[in-house]
Amino acid sequence: MYHPMNPLRSLCLVLILTTATYVTTSAQFTTPIIKANKQYELHAYNLAIQTYLLSLDRRPNNLDAIAKLADCYFYTNQMEQAESRYREWIEKSKQQRKSFVSEPLLRLGKTLIALARYDEAKEVLRAYQQKDPAESNRLSQACDFAKTQLGVPSSYLVSNEFINSPSAEFGAAFLGNQVAFSSARTDIQRTSAGWTGKAYNQLFRSRLGANEFLDPPVFLKSGLENEYNVGPLAFAPNGEYVVYTKNNFTDGTRQIPSAGMELSLHIAQISSTGQWVNSRPYAYNGTDYSTGFPTISQDGETMYFASDRPDGFGGFDIYVSYRMGNTWSAPENLGPIVNTPGNELSPYFHNQTLYFSSDWHPGFGGFDVFRAERTNGRFLKIYHLGNAVNSPRDDYGFIFDDFKNIGYVTSNRPGGKGNEDIYKVFRSADNIVIRVKNASDGQPLEAAIVDFSSCGEQAFQTDASGLYSFQAVQGLNCRVVIRKEGYLSSTLQVSTVGLNNSRRLEVSLTRLGEEYPGKVVSALNGASIAGVKVIAANLRTQSTVETSTDMNGDYALALSPNTPYSIRFSRPGFLEANMNVQTGDGRNRSILNIARITPTTTTGTPPVDPNPGTTPVTPSPGVGAGYAIQVAAIGSPMLQSFSDLEPYGQVYYKQEGGRYKIRVGVFDSRDRASAVLNSVKRQGYRGAFIVDEVGQEAEKGGGVTNPPVAGGNSRYKIQLAAYS
């Protein structure tokens with residue numbers, strides 16, 4: 001049966017349907033922008049990009065959506081798209097507001113810097129100057145710095161590592177002979193429960209392969225131990241503990257503070273089986289600030305890290321904390337030389353040098369790597385690492401082993417395999433080849449130990465050809481011990497200047513029972529002298545054999561047959577003395593006999609040798625005139641860098657015109673200086689040359705005047721090189 005509808009009820013139904021239609025239609029327009037803004041707030045920039053694009057399809061003039069879309073591209077390192085959207089933001093702001101706005105100019109300027117378009121960036125920054133003159137000037141000066149430095153040759157060489165994937169790889173850390181790092185890759189799967197296949201960053205490790213690149217990686221920890229979103233990290237050198245960062249990094253989003261980093265430090269003991277146990281948070285983490293990017297000193301007692309805690313100079317600063325038993329001291333800020341109003345991240349401390357990255361100190365753009373030098377416990381100077389290591393994008397996480405001449409840096413520069421990549425780093429260096437042979441027959445000695453312990457490094461072995469080679473960067477100055485079971489040990493002084501010199505050093509080891517004995521006594525009274533350093537220099541190969549006298553003044557040297565040697569005797573309180581010997585066929589083991597050295601407090605001539613048949617030793621007199629060999633002209637008297645030349649004569653400096661001229665000598669004849677010059681050049685100082693030496697104001701390290709004359713009063717020396 002038909003029932004007519006109540007008019008009031010009909011009106012209510014119409015209103016409900018109309019309202020529902022309006023709400024549905026309105027939601028279609030508002031939901032994308034609300035969703036995009038939520039993704040933006042959660043730093044899910046890759047997701048927000050798609051949602052903002054959908055929103056702008058419907059409302060193309062929404063300035064807030066355009067601005068945040070540009071930011072999303074900026075935070076995901078898509079700089080070309082970011083530039084386009086920032087320019088769109090500027091133009092539409094003019095159209096809608098009828099006046100020019102400065103709000104997007106700073107972000108556009110930083111984007112153009114990241115694209116290495118420095119002149120365009122300066123034009124934009126000039127327009128921004130009314131808003132913030134200090135920031136505009138700072139970035140403009142950084143553009144000028146970048147333009148002058150980008151073409152400067154670098155001493156570093158950088159190569160993309162094979163371990164990289166289309167996902168983010170970052171935070172390389174040395175782990176013995178391996179490298180640990182974090183990666184968001186999903187091509188290496190876990191079999192343990194809890195793995196969802198999502199691109200959380202996890203810890204991996206890789207060994208250095210025969211090609212000097214890292215081998216395919218494996219998980220650092222077992223499936224049961226694994227944690228997600230961990231890194232960067234640092235291991236104590238003795239393997240006792242590890243300090244690691246828990247992070248909120250998202251694959252594809254730049255790992256920079258403004259992208260929303262949240263970090264905390266944690267410390268775990270490492271068991272004998274390699275498991276991380278007793279993990280605990282660092283006592284000075286905070287709930288309203290981040291703490292991360294740890295590095296540990298070589299003695300394991302000092303930790304440096306980055307934090308944006310409120311007592312700093314700006315954003316993230318570098319702090320130091322000291323180990324106190326099972327705890328750590330309160331963090332100390334490194335001060336305004338290192339830290340700035342900007343952000344300083346990823347410290348790495350090695351051999352009294354601190355490497356770190358900054359987005360404030362003048363650089364090429366984004367984060368650049370810097371080096372800080374420490375003097376008397378304070379960091380007083382910083383240096384930009386220049387090209388190759390740095391780029392206009394983000395370069396951070398730099399670590400470097402000076403001895404092995406290898407390091408790594410994280411970068412999102414163009415040309416990588418995807419997002420953040422780990423790049424291998426090495427420096428122009430001297431190629432040093434050490435050849436160890438049997439002194440009696442010249443045959444190579446395989447598996448001889450080449451021990452760099454005095455340099456704080458490990459020991460290595462020679463190959464089947466008796467060879468061990470390595471790349472030595474500038475500043476290496478190390479006394480290497482060469483040993484093999486059944487042989488007398490020998491030492492070798494290795495110093496480098498890092499100028500791509502190639503040097504071959506030979507060491508002969510003598511079998512036990514085949515050594516040459518000797519004795520050192522006082523020329524004043526014939527008393528035995530203990531603790532005399534005895535260095536025998538092979539005049540053909542430039543290798544040296546070193547030992548010291550015992551309590552009875554006795555010593556023994558391993559010398560090669562049919563070889564000339566220059567033997568030097570030195571001890572505090574005595575004049576340095578030299579003698580030359582020829583080993584012949586090796587049958588005469590008494591050629592060293594008794595050497596006599598003169599106390600510095602004596603006057604007059606030494607007494608006549610009471611033991612006929614002993615070898616006379618001539619004390620080194622003061623300088624008169626003669627010839628010297630000049631090897632360098634440098635800005636500071638760094639004689640320790642030239643200690644490998646000591647077998648050829650006294651190494652000293654002479655200051656002229658604000659430069660320190662490093663010389664060896666003095667020699668009584670030009671012929672003698674020429675002979676030594678040839679040996680010096682074979683040692684790697686190819687630019688060395690002979691100079692006249694008058695002996696005035698010649699200084700040895702520590703201000704000692706008047707270097708000794710080799711072979712009598714002379715006026716010639718040998719110059720080895722001249723450096724800038």
# chains A, B, ... in the order shown; residues from 1 in each chain; ligands from 1
$ residues_around --residues "Glu515 (chain A)" --least-positions-apart "4" --cutoff "8 Å" --atoms "only C-alpha atoms" --output "ChimeraX atom specification"
/A:488,510-511,556-559,589
$ closest_atom_pairs --of "region 306-396 of chain A" --to "region 60-84 of chain A" --cutoff "12 Å" --atoms "only C-alpha atoms" --output "tab-separated table"
residue	atom	partner	partner_atom	distance
A:Gly366	CA	A:Asn77	CA	10.4
A:Pro392	CA	A:Met79	CA	11.2
A:Arg393	CA	A:Asn77	CA	8.4
A:Asp394	CA	A:Asn77	CA	9.3
$ atom_distance --atom1 "CA of Thr410 (chain A)" --atom2 "CA of Tyr423 (chain A)"
6.2 Å
$ residues_around --residues "Leu385 (chain A)" --least-positions-apart "5" --cutoff "9 Å" --atoms "only C-alpha atoms" --output "ChimeraX atom specification"
/A:154,156,368-371,390
$ closest_residue --among "A:Met303, A:Ala632, A:Ala116, A:Ala472" --to "Tyr322 (chain A)" --atoms "only C-alpha atoms"
A:Met303
$ atom_distance --atom1 "CA of Glu135 (chain A)" --atom2 "CA of Gly286 (chain A)"
29.5 Å
$ residues_around --residues "Ser566 (chain A)" --least-positions-apart "3" --cutoff "9 Å" --atoms "only C-alpha atoms" --output "PDB file with N, CA, C and O atoms, in the first residue's frame"
ATOM      1  N   ILE A 535     125.299   1.999  14.330  1.00  0.00           N
ATOM      2  CA  ILE A 535     124.546   1.883  13.077  1.00  0.00           C
ATOM      3  C   ILE A 535     125.531   1.630  11.951  1.00  0.00           C
ATOM      4  O   ILE A 535     126.438   2.434  11.713  1.00  0.00           O
ATOM      5  N   ALA A 536     125.345   0.501  11.262  1.00  0.00           N
ATOM      6  CA  ALA A 536     126.177   0.169  10.110  1.00  0.00           C
ATOM      7  C   ALA A 536     125.362   0.379   8.848  1.00  0.00           C
ATOM      8  O   ALA A 536     124.320  -0.253   8.655  1.00  0.00           O
ATOM      9  N   ALA A 537     125.833   1.279   7.985  1.00  0.00           N
ATOM     10  CA  ALA A 537     125.114   1.593   6.743  1.00  0.00           C
ATOM     11  C   ALA A 537     125.801   0.888   5.577  1.00  0.00           C
ATOM     12  O   ALA A 537     126.999   1.074   5.337  1.00  0.00           O
ATOM     13  N   ASN A 538     125.026   0.081   4.861  1.00  0.00           N
ATOM     14  CA  ASN A 538     125.520  -0.562   3.656  1.00  0.00           C
ATOM     15  C   ASN A 538     125.636   0.509   2.577  1.00  0.00           C
ATOM     16  O   ASN A 538     124.629   1.075   2.141  1.00  0.00           O
ATOM     17  N   LEU A 539     126.857   0.812   2.125  1.00  0.00           N
ATOM     18  CA  LEU A 539     127.060   1.912   1.192  1.00  0.00           C
ATOM     19  C   LEU A 539     126.582   1.590  -0.209  1.00  0.00           C
ATOM     20  O   LEU A 539     126.559   2.474  -1.072  1.00  0.00           O
ATOM     21  N   ASN A 578     132.883   7.779  13.533  1.00  0.00           N
ATOM     22  CA  ASN A 578     132.595   6.961  12.359  1.00  0.00           C
ATOM     23  C   ASN A 578     133.824   6.157  11.966  1.00  0.00           C
ATOM     24  O   ASN A 578     134.970   6.561  12.226  1.00  0.00           O
ATOM     25  N   MET A 579     133.581   5.024  11.306  1.00  0.00           N
ATOM     26  CA  MET A 579     134.673   4.279  10.681  1.00  0.00           C
ATOM     27  C   MET A 579     134.097   3.502   9.506  1.00  0.00           C
ATOM     28  O   MET A 579     132.897   3.197   9.458  1.00  0.00           O
ATOM     29  N   ASN A 580     134.944   3.204   8.546  1.00  0.00           N
ATOM     30  CA  ASN A 580     134.558   2.436   7.373  1.00  0.00           C
ATOM     31  C   ASN A 580     135.235   1.070   7.421  1.00  0.00           C
ATOM     32  O   ASN A 580     136.406   0.959   7.809  1.00  0.00           O
ATOM     33  N   VAL A 581     134.473   0.030   7.025  1.00  0.00           N
ATOM     34  CA  VAL A 581     135.033  -1.321   6.977  1.00  0.00           C
ATOM     35  C   VAL A 581     134.616  -1.989   5.680  1.00  0.00           C
ATOM     36  O   VAL A 581     133.626  -1.611   5.058  1.00  0.00           O
ATOM     37  N   PRO A 647     122.827   7.754   8.167  1.00  0.00           N
ATOM     38  CA  PRO A 647     124.014   6.945   7.881  1.00  0.00           C
ATOM     39  C   PRO A 647     125.038   7.650   6.987  1.00  0.00           C
ATOM     40  O   PRO A 647     126.210   7.243   6.946  1.00  0.00           O
ATOM     41  N   TYR A 648     124.658   8.695   6.265  1.00  0.00           N
ATOM     42  CA  TYR A 648     125.560   9.333   5.308  1.00  0.00           C
ATOM     43  C   TYR A 648     126.272  10.563   5.876  1.00  0.00           C
ATOM     44  O   TYR A 648     127.126  11.147   5.223  1.00  0.00           O
TER      45      TYR A 648
END
